[in-house]
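What follows is a set of notes on a single structure, which appears directly below.
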Amino acid sequence: MSDATEALPPCPECSSAYTYEMGALLICPECGHEWSPASGEAAGASEDGTIKDAVGNVLADGDTVTVIKTLKVKGSPSGIKAGTKVRNIRLVDGVDGHDIDCKIDGFGSMQLKSSVVKKA
């Protein structure tokens, strides 16, 4: 008997918990992202340890990136708007896929996921 409550990983794009299997792929019903469950690597990190942005550009310490989608920030009424430039990033081994350490004007120090930014 198979376990019907088998936990599927959340969507690497929007972090939705409502993912489901269709054939060999996992699918997110909220954003439509499809991925292979065999690609168990962290979002944005490749096999050789390099961190890539949402479109595949390799990121390095000191780069300037642009946020590609509006992000909710706990305690802030507005959040970080898409198009916000973030200068002088630092790559870290963060918690839960948050691999960019930075300072954002109006918000202060925070960590971002590489999957929500693109190199400027």
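Following the order of the structure tokens, first chain is A, next is B, and so on, with residues numbered from 1 inside each chain and ligands from 1 in the order they appear.
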Non-local contacts of A:Gly62 (12 Å; only C-alpha atoms; under 3 positions in same chain excluded) as a ChimeraX atom specification: /A:59,65,86-91,100-103,119-120
List the spatial neighbours of A:Gly56 as number ranges by chain - criterion: any atom at most 10 Å away, only C-alpha atoms, same-chain residues fewer than 6 positions off excluded. A: 44, 114-115, 118-119
Where in stretch 26-107 of chain A does DSSP assign strand (DSSP E), given as a PDB file with N, CA and C atoms, in the first residue's frame?
ATOM      1  N   LEU A  26       6.955  17.108 -11.746  1.00  0.00           N
ATOM      2  CA  LEU A  26       6.173  17.737 -10.694  1.00  0.00           C
ATOM      3  C   LEU A  26       5.669  19.055 -11.259  1.00  0.00           C
ATOM      4  N   ILE A  27       4.434  19.424 -10.926  1.00  0.00           N
ATOM      5  CA  ILE A  27       3.813  20.615 -11.504  1.00  0.00           C
ATOM      6  C   ILE A  27       3.213  21.463 -10.392  1.00  0.00           C
ATOM      7  N   GLU A  34       6.987  23.569 -14.171  1.00  0.00           N
ATOM      8  CA  GLU A  34       7.164  22.122 -14.223  1.00  0.00           C
ATOM      9  C   GLU A  34       8.634  21.809 -14.022  1.00  0.00           C
ATOM     10  N   TRP A  35       8.928  20.770 -13.227  1.00  0.00           N
ATOM     11  CA  TRP A  35      10.314  20.371 -13.013  1.00  0.00           C
ATOM     12  C   TRP A  35      10.381  18.889 -12.710  1.00  0.00           C
ATOM     13  N   VAL A  65      22.039  43.139  -9.059  1.00  0.00           N
ATOM     14  CA  VAL A  65      20.950  42.327  -9.583  1.00  0.00           C
ATOM     15  C   VAL A  65      19.649  43.118  -9.522  1.00  0.00           C
ATOM     16  N   THR A  66      18.656  42.659 -10.277  1.00  0.00           N
ATOM     17  CA  THR A  66      17.331  43.260 -10.293  1.00  0.00           C
ATOM     18  C   THR A  66      16.315  42.213  -9.854  1.00  0.00           C
ATOM     19  N   VAL A  67      15.421  42.586  -8.961  1.00  0.00           N
ATOM     20  CA  VAL A  67      14.368  41.682  -8.503  1.00  0.00           C
ATOM     21  C   VAL A  67      13.353  41.533  -9.636  1.00  0.00           C
ATOM     22  N   LYS A  85      16.558  47.477  -7.965  1.00  0.00           N
ATOM     23  CA  LYS A  85      17.974  47.126  -8.144  1.00  0.00           C
ATOM     24  C   LYS A  85      18.615  46.922  -6.787  1.00  0.00           C
ATOM     25  N   VAL A  86      19.421  45.853  -6.702  1.00  0.00           N
ATOM     26  CA  VAL A  86      20.146  45.550  -5.479  1.00  0.00           C
ATOM     27  C   VAL A  86      21.621  45.533  -5.839  1.00  0.00           C
ATOM     28  N   ARG A  90      26.264  39.694  -1.824  1.00  0.00           N
ATOM     29  CA  ARG A  90      27.236  38.752  -1.288  1.00  0.00           C
ATOM     30  C   ARG A  90      26.605  37.377  -1.350  1.00  0.00           C
ATOM     31  N   LEU A  91      27.301  36.397  -1.900  1.00  0.00           N
ATOM     32  CA  LEU A  91      26.775  35.044  -2.004  1.00  0.00           C
ATOM     33  C   LEU A  91      27.082  34.292  -0.717  1.00  0.00           C
ATOM     34  N   ILE A 100      21.610  34.797  -1.343  1.00  0.00           N
ATOM     35  CA  ILE A 100      22.142  36.142  -1.595  1.00  0.00           C
ATOM     36  C   ILE A 100      21.915  36.993  -0.349  1.00  0.00           C
ATOM     37  N   ASP A 101      22.999  37.575   0.170  1.00  0.00           N
ATOM     38  CA  ASP A 101      22.931  38.477   1.312  1.00  0.00           C
ATOM     39  C   ASP A 101      23.117  39.889   0.764  1.00  0.00           C
ATOM     40  N   CYS A 102      22.229  40.827   1.121  1.00  0.00           N
ATOM     41  CA  CYS A 102      22.304  42.167   0.539  1.00  0.00           C
ATOM     42  C   CYS A 102      21.633  43.190   1.442  1.00  0.00           C
ATOM     43  N   LYS A 103      21.789  44.453   1.060  1.00  0.00           N
ATOM     44  CA  LYS A 103      21.077  45.555   1.714  1.00  0.00           C
ATOM     45  C   LYS A 103      20.196  46.205   0.661  1.00  0.00           C
ATOM     46  N   ILE A 104      18.928  46.398   0.993  1.00  0.00           N
ATOM     47  CA  ILE A 104      17.986  47.014   0.068  1.00  0.00           C
ATOM     48  C   ILE A 104      17.515  48.326   0.678  1.00  0.00           C
TER      49      ILE A 104
END
So, with only C-alpha atoms as the atoms that count, which of A:Val116, A:Ile80, A:Leu8, A:Val92 lies closest to A:Thr50? A:Val92
Might you pull out every residue within 12 Å of A:Val95, with only C-alpha atoms counted and same-chain residues fewer than 5 positions away left off, and present them as a PyMOL selection string? chain A and resi 42+100-101+110-113
Save out the residues we just selected, N, CA and C atoms, as a PDB file, in the first residue's frame.
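Saved as selection_9.pdb:
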ATOM      1  N   ALA A  42      19.273  22.425  -4.951  1.00  0.00           N
ATOM      2  CA  ALA A  42      18.640  23.654  -4.489  1.00  0.00           C
ATOM      3  C   ALA A  42      18.426  24.582  -5.680  1.00  0.00           C
ATOM      4  N   ILE A 100      21.610  34.797  -1.343  1.00  0.00           N
ATOM      5  CA  ILE A 100      22.142  36.142  -1.595  1.00  0.00           C
ATOM      6  C   ILE A 100      21.915  36.993  -0.349  1.00  0.00           C
ATOM      7  N   ASP A 101      22.999  37.575   0.170  1.00  0.00           N
ATOM      8  CA  ASP A 101      22.931  38.477   1.312  1.00  0.00           C
ATOM      9  C   ASP A 101      23.117  39.889   0.764  1.00  0.00           C
ATOM     10  N   MET A 110      18.966  41.882   4.242  1.00  0.00           N
ATOM     11  CA  MET A 110      18.093  40.711   4.097  1.00  0.00           C
ATOM     12  C   MET A 110      18.732  39.708   3.163  1.00  0.00           C
ATOM     13  N   GLN A 111      18.131  38.530   3.098  1.00  0.00           N
ATOM     14  CA  GLN A 111      18.601  37.494   2.199  1.00  0.00           C
ATOM     15  C   GLN A 111      17.543  37.231   1.142  1.00  0.00           C
ATOM     16  N   LEU A 112      18.008  37.007  -0.095  1.00  0.00           N
ATOM     17  CA  LEU A 112      17.118  36.729  -1.220  1.00  0.00           C
ATOM     18  C   LEU A 112      17.473  35.391  -1.839  1.00  0.00           C
ATOM     19  N   LYS A 113      16.537  34.813  -2.557  1.00  0.00           N
ATOM     20  CA  LYS A 113      16.802  33.610  -3.328  1.00  0.00           C
ATOM     21  C   LYS A 113      17.305  34.023  -4.710  1.00  0.00           C
TER      22      LYS A 113
END
Given only C-alpha atoms as the counted atoms, nearest of A:Ser76, A:Val58, A:Cys11, A:Ser36 to A:Gly23: A:Ser36
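For the choices A:Phe107, A:Ala24, A:Ser15, A:Lys52, the atom-to-atom distance to A:Lys74 is smallest for A:Phe107 when using only C-alpha atoms.
Going from atom CA of A:Thr64 to atom CA of A:Glu30 covers 29.3 Å.
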